[in-house]
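Student: Okay, handing you the structure first.
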Amino acid sequence: MTTSSLPPLPQLPPAISSRPSSTVTNPSLVKVDALTNASAEQQLGALLSSPSFTTCSYLNQALANIQTKSQETHHSLPSPKAQDEEEQRLMAELALHLQVQTQSCHDEIGRIGAELRAILPRCAADVSRLNVGIGNIKIDANNLLDAHLKSSLSHVHDSENDSPQGPSSEGTRNAMDDAASSHDAEKENQPSEGSPRAFIENDSGNEAMTPLETLETLSTLHALQQNLTTTKKVLTAASTYNHTLQKIPSLLTPTTLNQGVQALLDLENGARALVGMPGKSQRNEEINEIRNQILTLLRPVLLHALNKVESRLGPLQTCVGMYQSLNKMESLMDEYVKSRPAMVHKLWFDFRKSTNVAGVSGALRNLDGADGNSSKGNNGLDGGDDLEFYSDDDYDDEGKEDFGKTGTDMDRSKMTDASRNESANDPGKTFGDWLPTWYEFVLLLLSEERRRGHAVFGTDLAPEIMVKVLNECFRPILSSFRTRLEVICPVDEVSHGNEQSFENICRAYESTLQFLSVAYEQIADFESTSSSRVSSDDHAQGQGADGEDAESRVPSRTKTPVQLHVMARSIFISVASPFAPYQICFTKLEANHSGMAARMVSSDIHNAVSGRILALSNMQESVERLAGLAPFMFPLAQGAIARFESLNSGFGATEGLDVIDTVLSKHIGELSIAFHTLSTNVLSDDNKLTDNFDEQQVQCALEILKIAGVMKRKLLSFEDKTKDRLRVLAGRMGATIDQETALIEALTQRSTSTDLVPNCLSPGDIEAILAMSVCGGDGDRESSNKSPSVLTLQRLSESDQSGGSYDVLFPRSSGSLERLVKSCQAFVFDISSAIPNKHLRDMSSLSIWEQEESMWSTTTSDSYGTLPQTYITQVGEHMLALVQALEPFASDKEGLQFANSVMEGVEHVSEKSWKNFADAIDAESDDSEFVSMIRKGHVLKNFVLNFTDNKFEDDEDDDEVDSAAQVFCNQWLDVVCSSISGLMLEQIMRIQKLSRKGCEHLSVDCNYIVNVLTALGVSGHPHPLLMHIAELAKMSPENLQARIGESIDDEYGIRNTETRIALMRGIPIN
């Protein structure tokens, strides 16, 4: 809104504007002429309401009035000081006056605003009613015009049938058709009548035609006008066609070629205007001949412009304009795209030279200044040289640069020399380090093409140009790329590769994913293309009668955003196609790669336990080496999961996880064998290491139990992390499948929306797209809800609410872990019970059991002097010392947590001695339930003699750590005590003969071990059968015979035990 459209400011009330100021102190001012004051006020008021009001003009006018008043009153003021005060007073009066006027204006604006707010709703309602009325009028007019057109056409048709000349001529029919079409085009613009019968006065004053007759006349006139216009165009084209045709040969020169293209367009427009005239085929031949001549002349101009594109864009822009006019942008784009990646191709095939650090930096600096002629001869390069790019002469003097002998450059030269020596031994690493650098060249080229494409081809065509340039960068080198990867890691003959070959392939693939992600960010400018969707061919076909405007139009040849995105995805798949064989053969390659690493670790494990264990230090060294080697495979397994995610992105999850499971299970199995071998070496009969008890031996053995705990935690953590990654892969795979389905549907419907086109693609998104194109099955392309691969990932990653898993990811490894835990438990048990086993295994063959009483000894004195034998005291002392050996390890909180996690089922280590006992009493030793029942001894309490139930109260003041340590110690004491009890009972049952003296010693020995086990305070010990046998050994033959005769055939082996004791004592059994 301009200032001239503002309403004038309201005039202030005279009482306010003429009121004298209260600051007047000089009475002489009252005598100022009232007429002069009124004139000044009127001038200021007029200025305020003027459209040209400015602050400067208002102040100047006010100051001029003040100066006038000062001059008039100058004679009445006594001094200059008084004059200054008078001027200040007048300025203050003016300021107060302006403040009053401002407040009045604000009040007036508020009043007007309130009125407008009250008026606007009523205006809106009036406008709505007018719209409804106009709509109804429009409908009435359309109905009226339809009825008129039908009646007029039927009238003309009837008149033609009545005419003796027969049907109307072709011109008349064209006029009728034009009238009908023009009527449809002008329906909206025809005025509507309010009444069905209105009369119009013509120029002669007679009664006018009815509205229907008037509209019929207007329609006929309009059709006549259209026919005359068409006739004019045809006559104009006919008159200029020959002149233009004769003028074109003189314009077919390099300097006037642009004018020749424009003349060709004029010629084509004339030919379209003359389409119904004779000589159409001749005109088409002439135009095609001239077009071919112009295209032939344009090609060298285009090539010259492409060669100079680095320095000048003007010639190329001119060529673009001419090719657009000729609807041959496809040819120009092909030539342009082929010329751009020349430097990139040269760097690819110059791989050996560009591996030099200086050569790479020089190539980077020269990339933007590359000459277009460098592309010559690239077609002659083939993949034959790729087999030689690992030779020792890769680094020759041609790739070196003089760095100027600076310190930094000398260090860089040393690094380069070191990398050369390393690269000679590992060509895959060389290529993996060089490939990201080459990708940087391509990204620099795309960045330059982004700028140049917008400048030359415009915003519409620039994204398509970049996509095609990216495709051209890789199209000629894909076979070479595939050959180089095959040299690094053969797919069919995996045994020829080294342990790093497949990992180098995966590194190159990850670099490719990163490159494609950044490249997509540079070319993802698809939204600008949504407004220009008409191809050049469609534009040429749609010109029709508007051919005269063809010169001012620029044909748009961009694809829709969806088409460009799908095109970019297909190019990404083509770029990554050299890696497709590795994606398909992932399980075989990963099994070979991980197998080589596993074999190296297995060899180290064998070496750790292969030597003889002659001292405690040897045992400790072996355990330390095993502790370091045990979790070594889990980082390798995590690397295998990362490679599976990168290459296959979740497709073929069952097979991929099975490979990893196999490798882990073999590794854990090797550890189990190693612990068994170590136990055998330590407990060998030739080894004197366990002849004497040493607490450090037990503590060293407990470290192996800690290793088992670490392995269990590592496996569970690895499984949980794998499930988390599978959930992520399932979501990403489902999103990719749904997006693919939506894109196909959008292509079918020719959608122009940008909603389906992402602004960026992460490396994970790209790896999902590539994996689906290579590894996805037919069922994976319908929807994520029906995809077998997605359903498999969801099943493998499921967990219940309690944290458990529905499906074990690594079943073989879990089974191997269970065997490892049992092996570690057995090792700790063997070390802890080595001394008792050594003293008890020959107990049944001691001569003391058959020794008879001396003829000089008395029963009372001899019985009073019977003491426990040496073998049993050694066992008792070992058991009491074992408590002290377990406590230091149990005080370590971290180690105790690992050990407690694998203590479940530790009772199995003591089952062997109880099976032997069951076999000794002729019971069912193969019945695990029976063996477990007699081992625990709870059911025997009511059937044995002299049983005392020892109850131990827990200390409620112990904290959680002390309680866990106590439980841990009691568990090991329990299994060791149980094993010793079973072994002792088995050896007792294998004694051939017991003399009276032997019975006394047996009773004393049993009572001794009962007292020792009671002193340990372990629940469930001593075993009831130990106390029972001690009583049976002291029982008189008559009482024992009577007890056996009265006892029934029980299911717990007690009667067999009593019978065996009686037979050893020589007591007959009826």
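Within each chain, counting starts at residue 1; across the structure tokens, chains are named A, B, ... in the order shown, with ligands numbered 1 upward in that order.
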To test your reading of the structure, identify every residue in stretch 599-814 of chain A that backbone DSSP assigns to helix (DSSP H, G or I), and report it as a PyMOL selection string.

Tutor: chain A and resi 599-609+616-647+653-682+695-748+763-775+778-781+788-796+811-814

Student: Name all residues at most 9 Å from A:Glu1058 (count only C-alpha atoms; drop same-chain ones fewer than 6 positions away) and give them as a tab-separated table (two decimals) with N, CA, C and O atoms, in the first residue's frame.

Tutor:
chain	number	residue	atom	x	y	z
A	1029	ILE	N	28.87	-98.11	58.34
A	1029	ILE	CA	29.93	-99.12	58.21
A	1029	ILE	C	30.79	-99.14	59.46
A	1029	ILE	O	31.27	-100.20	59.90
A	1032	LEU	N	28.92	-101.25	61.76
A	1032	LEU	CA	28.91	-102.66	61.34
A	1032	LEU	C	30.24	-103.33	61.63
A	1032	LEU	O	30.28	-104.53	61.94
A	1040	LEU	N	25.24	-108.88	63.91
A	1040	LEU	CA	25.27	-108.57	62.49
A	1040	LEU	C	24.48	-109.59	61.70
A	1040	LEU	O	23.73	-109.24	60.77
A	1043	ARG	N	20.85	-108.89	62.24
A	1043	ARG	CA	20.37	-107.69	61.52
A	1043	ARG	C	20.16	-108.00	60.05
A	1043	ARG	O	19.16	-107.57	59.44
A	1044	ILE	N	21.08	-108.77	59.49
A	1044	ILE	CA	20.94	-109.09	58.09
A	1044	ILE	C	19.74	-109.99	57.86
A	1044	ILE	O	19.00	-109.84	56.88

Student: Find the distance between atom CA of A:Leu647 and atom CA of A:Gln583 and write it in Å to one decimal.

Tutor: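 A separation of 5.4 Å between them.
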
Student: Need the shell around A:Thr654: protein/DNA/RNA residues with any atom at most 9 Å away, counting only C-alpha atoms. Skip same-chain ones fewer than 2 positions apart. Format as a list of chain:residue names?

Tutor: A:Phe651, A:Gly652, A:Gly656, A:Leu657, A:Asp658, A:Val659, A:Thr792, A:Leu793, A:Leu796, A:Leu809

Student: Go ahead and dump the residues you just picked, N, CA, C and O atoms, as a PDB file, in the first residue's frame.

Tutor:
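Below is the file selection34.pdb, written as the result:
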ATOM      1  N   PHE A 651      20.590 -61.330   4.479  1.00  0.00           N
ATOM      2  CA  PHE A 651      20.100 -62.389   3.608  1.00  0.00           C
ATOM      3  C   PHE A 651      20.950 -63.651   3.808  1.00  0.00           C
ATOM      4  O   PHE A 651      22.172 -63.583   3.879  1.00  0.00           O
ATOM      5  N   GLY A 652      20.277 -64.798   3.889  1.00  0.00           N
ATOM      6  CA  GLY A 652      20.984 -66.047   4.161  1.00  0.00           C
ATOM      7  C   GLY A 652      21.526 -66.086   5.571  1.00  0.00           C
ATOM      8  O   GLY A 652      22.653 -66.548   5.792  1.00  0.00           O
ATOM      9  N   GLY A 656      24.837 -68.147   7.181  1.00  0.00           N
ATOM     10  CA  GLY A 656      25.946 -67.333   7.682  1.00  0.00           C
ATOM     11  C   GLY A 656      26.228 -67.577   9.148  1.00  0.00           C
ATOM     12  O   GLY A 656      27.394 -67.711   9.565  1.00  0.00           O
ATOM     13  N   LEU A 657      25.195 -67.656   9.968  1.00  0.00           N
ATOM     14  CA  LEU A 657      25.392 -67.929  11.391  1.00  0.00           C
ATOM     15  C   LEU A 657      25.901 -69.342  11.632  1.00  0.00           C
ATOM     16  O   LEU A 657      26.634 -69.582  12.602  1.00  0.00           O
ATOM     17  N   ASP A 658      25.530 -70.268  10.765  1.00  0.00           N
ATOM     18  CA  ASP A 658      26.002 -71.641  10.920  1.00  0.00           C
ATOM     19  C   ASP A 658      27.515 -71.724  10.733  1.00  0.00           C
ATOM     20  O   ASP A 658      28.197 -72.490  11.432  1.00  0.00           O
ATOM     21  N   VAL A 659      28.056 -70.943   9.808  1.00  0.00           N
ATOM     22  CA  VAL A 659      29.508 -70.923   9.617  1.00  0.00           C
ATOM     23  C   VAL A 659      30.203 -70.410  10.868  1.00  0.00           C
ATOM     24  O   VAL A 659      31.186 -71.000  11.353  1.00  0.00           O
ATOM     25  N   THR A 792      12.820 -64.834   8.838  1.00  0.00           N
ATOM     26  CA  THR A 792      13.916 -65.590   9.449  1.00  0.00           C
ATOM     27  C   THR A 792      14.691 -64.731  10.435  1.00  0.00           C
ATOM     28  O   THR A 792      15.029 -65.174  11.544  1.00  0.00           O
ATOM     29  N   LEU A 793      14.996 -63.510  10.064  1.00  0.00           N
ATOM     30  CA  LEU A 793      15.711 -62.609  10.977  1.00  0.00           C
ATOM     31  C   LEU A 793      14.883 -62.321  12.223  1.00  0.00           C
ATOM     32  O   LEU A 793      15.417 -62.272  13.342  1.00  0.00           O
ATOM     33  N   LEU A 796      15.035 -65.435  14.486  1.00  0.00           N
ATOM     34  CA  LEU A 796      16.335 -65.619  15.131  1.00  0.00           C
ATOM     35  C   LEU A 796      16.590 -64.600  16.220  1.00  0.00           C
ATOM     36  O   LEU A 796      17.330 -64.874  17.171  1.00  0.00           O
ATOM     37  N   LEU A 809      21.022 -69.025  18.825  1.00  0.00           N
ATOM     38  CA  LEU A 809      21.689 -68.668  17.571  1.00  0.00           C
ATOM     39  C   LEU A 809      22.837 -69.614  17.257  1.00  0.00           C
ATOM     40  O   LEU A 809      23.087 -69.940  16.094  1.00  0.00           O
TER      41      LEU A 809
END

Student: Looking at only C-alpha atoms, which of A:Asp350, A:Asp892, A:Asp604, A:Glu911 is the one that sits closest to A:Ser925?

Tutor: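 The closest residue to A:Ser925 is A:Glu911.
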
Student: Can you tell me, as a ChimeraX atom specification, what residues are no more than 9 Å from A:Gln317 when counting only C-alpha atoms, ignoring any on the same chain fewer than 3 positions away?

Tutor: /A:305,313-314,320-322,455-457

Student: Have a look at atom CA of A:Gly135 and atom CA of A:Leu120 and let me know their distance in Å, one decimal.

Tutor: 22.5 Å

Student: How far is it from atom CA of A:Ser665 to atom CA of A:Gly639, in Å with one decimal?

Tutor: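 Computed distance, atom CA of A:Ser665 to atom CA of A:Gly639, equals 16.5 Å.
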
Student: Within 9 Å of stretch 990-1005 of chain A, counting only C-alpha atoms, which residues qualify if same-chain residues fewer than 3 places away don't, as a PyMOL selection string?

Tutor: chain A and resi 843-853+862-863+866-869+872-873+920-921+985-987+1008-1010+1027+1029-1034+1060-1061+1063-1066

Student: Extract, using only C-alpha atoms, all DNA, RNA and protein residues at most 9 Å from stretch 248-253 of chain A, discarding same-chain residues fewer than 5 positions from it, and format them as an MDAnalysis selection string.

Tutor: chainID A and resid 243 258:261 263:264 290 293:294 297

Student: Could the residues in this selection be written to a file with N, CA and C atoms, as a PDB file, in the first residue's frame?

Tutor:
ATOM      1  N   HIS A 243      11.425 -19.650 -49.590  1.00  0.00           N
ATOM      2  CA  HIS A 243      12.472 -18.665 -49.293  1.00  0.00           C
ATOM      3  C   HIS A 243      13.403 -19.177 -48.193  1.00  0.00           C
ATOM      4  N   ASN A 258      24.205 -21.417 -35.835  1.00  0.00           N
ATOM      5  CA  ASN A 258      23.080 -21.156 -34.924  1.00  0.00           C
ATOM      6  C   ASN A 258      21.886 -20.600 -35.698  1.00  0.00           C
ATOM      7  N   GLN A 259      22.157 -19.695 -36.678  1.00  0.00           N
ATOM      8  CA  GLN A 259      21.072 -19.163 -37.508  1.00  0.00           C
ATOM      9  C   GLN A 259      20.483 -20.251 -38.400  1.00  0.00           C
ATOM     10  N   GLY A 260      21.335 -21.162 -38.855  1.00  0.00           N
ATOM     11  CA  GLY A 260      20.837 -22.260 -39.658  1.00  0.00           C
ATOM     12  C   GLY A 260      19.894 -23.161 -38.868  1.00  0.00           C
ATOM     13  N   VAL A 261      20.205 -23.390 -37.587  1.00  0.00           N
ATOM     14  CA  VAL A 261      19.302 -24.194 -36.744  1.00  0.00           C
ATOM     15  C   VAL A 261      17.968 -23.488 -36.589  1.00  0.00           C
ATOM     16  N   ALA A 263      16.655 -21.353 -38.703  1.00  0.00           N
ATOM     17  CA  ALA A 263      15.955 -21.435 -39.987  1.00  0.00           C
ATOM     18  C   ALA A 263      15.324 -22.820 -40.172  1.00  0.00           C
ATOM     19  N   LEU A 264      16.004 -23.867 -39.689  1.00  0.00           N
ATOM     20  CA  LEU A 264      15.426 -25.213 -39.771  1.00  0.00           C
ATOM     21  C   LEU A 264      14.154 -25.308 -38.934  1.00  0.00           C
ATOM     22  N   ILE A 290      18.407 -31.577 -44.525  1.00  0.00           N
ATOM     23  CA  ILE A 290      19.018 -30.401 -43.887  1.00  0.00           C
ATOM     24  C   ILE A 290      19.369 -30.701 -42.436  1.00  0.00           C
ATOM     25  N   GLN A 293      22.552 -32.650 -42.300  1.00  0.00           N
ATOM     26  CA  GLN A 293      23.694 -31.788 -42.590  1.00  0.00           C
ATOM     27  C   GLN A 293      24.073 -30.950 -41.370  1.00  0.00           C
ATOM     28  N   ILE A 294      23.061 -30.412 -40.705  1.00  0.00           N
ATOM     29  CA  ILE A 294      23.345 -29.579 -39.519  1.00  0.00           C
ATOM     30  C   ILE A 294      23.965 -30.426 -38.412  1.00  0.00           C
ATOM     31  N   LEU A 297      27.580 -31.066 -39.180  1.00  0.00           N
ATOM     32  CA  LEU A 297      28.414 -29.893 -38.903  1.00  0.00           C
ATOM     33  C   LEU A 297      28.507 -29.596 -37.414  1.00  0.00           C
TER      34      LEU A 297
END

Student: Excluding same-chain residues fewer than 2 positions from stretch 758-769 of chain A, what lies within 9 Å of it counting only C-alpha atoms, as a PyMOL selection string?

Tutor: chain A and resi 510+512-518+520-521+524-526+565+569+572-573+645-650+729+732-733+736-737+740+754-756+771-774

Student: Could you take the residues named above and write them with C-alpha atoms, as a short mmCIF file (atom, residue, chain, number, x, y, z; two decimals), in the first residue's frame?

Tutor:
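Output (selection.cif):
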data_model
loop_
_atom_site.label_atom_id
_atom_site.label_comp_id
_atom_site.auth_asym_id
_atom_site.auth_seq_id
_atom_site.Cartn_x
_atom_site.Cartn_y
_atom_site.Cartn_z
CA GLU A 510 32.97 -51.00 2.65
CA THR A 512 32.56 -48.68 -2.08
CA LEU A 513 29.52 -48.32 0.18
CA GLN A 514 30.93 -45.15 1.72
CA PHE A 515 31.68 -43.76 -1.73
CA LEU A 516 28.19 -44.50 -3.06
CA SER A 517 26.62 -42.85 -0.02
CA VAL A 518 28.59 -39.63 -0.54
CA TYR A 520 24.24 -40.02 -3.78
CA GLU A 521 24.31 -36.92 -1.56
CA ALA A 524 20.33 -36.17 -4.95
CA ASP A 525 18.82 -32.99 -6.37
CA PHE A 526 15.66 -34.57 -7.71
CA HIS A 565 16.25 -42.37 -8.12
CA ARG A 569 19.94 -47.36 -7.68
CA PHE A 572 24.85 -48.43 -7.74
CA ILE A 573 24.06 -52.09 -8.34
CA GLU A 645 26.19 -57.65 7.60
CA SER A 646 28.23 -55.70 5.07
CA LEU A 647 28.07 -58.20 2.19
CA ASN A 648 24.74 -59.95 2.73
CA SER A 649 22.88 -57.46 4.96
CA GLY A 650 20.91 -60.24 6.65
CA LEU A 729 18.97 -55.85 9.76
CA ARG A 732 16.41 -52.26 7.37
CA MET A 733 15.61 -55.17 5.07
CA THR A 736 14.19 -51.64 1.68
CA ILE A 737 11.67 -54.18 0.39
CA GLU A 740 11.34 -51.11 -3.66
CA THR A 754 9.30 -36.63 -4.38
CA ASP A 755 7.93 -38.28 -1.24
CA LEU A 756 9.41 -41.65 -2.16
CA ALA A 771 22.30 -57.32 -1.01
CA MET A 772 18.64 -57.56 -1.99
CA SER A 773 19.52 -57.31 -5.68
CA VAL A 774 22.09 -60.13 -5.39
#

Student: Counting only C-alpha atoms, which of A:Gly133, A:Pro341, A:Gly1020, A:Pro436 gets nearest to A:Glu448?

Tutor: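 When distances to A:Glu448 are compared using only C-alpha atoms, the smallest one comes from A:Pro341.
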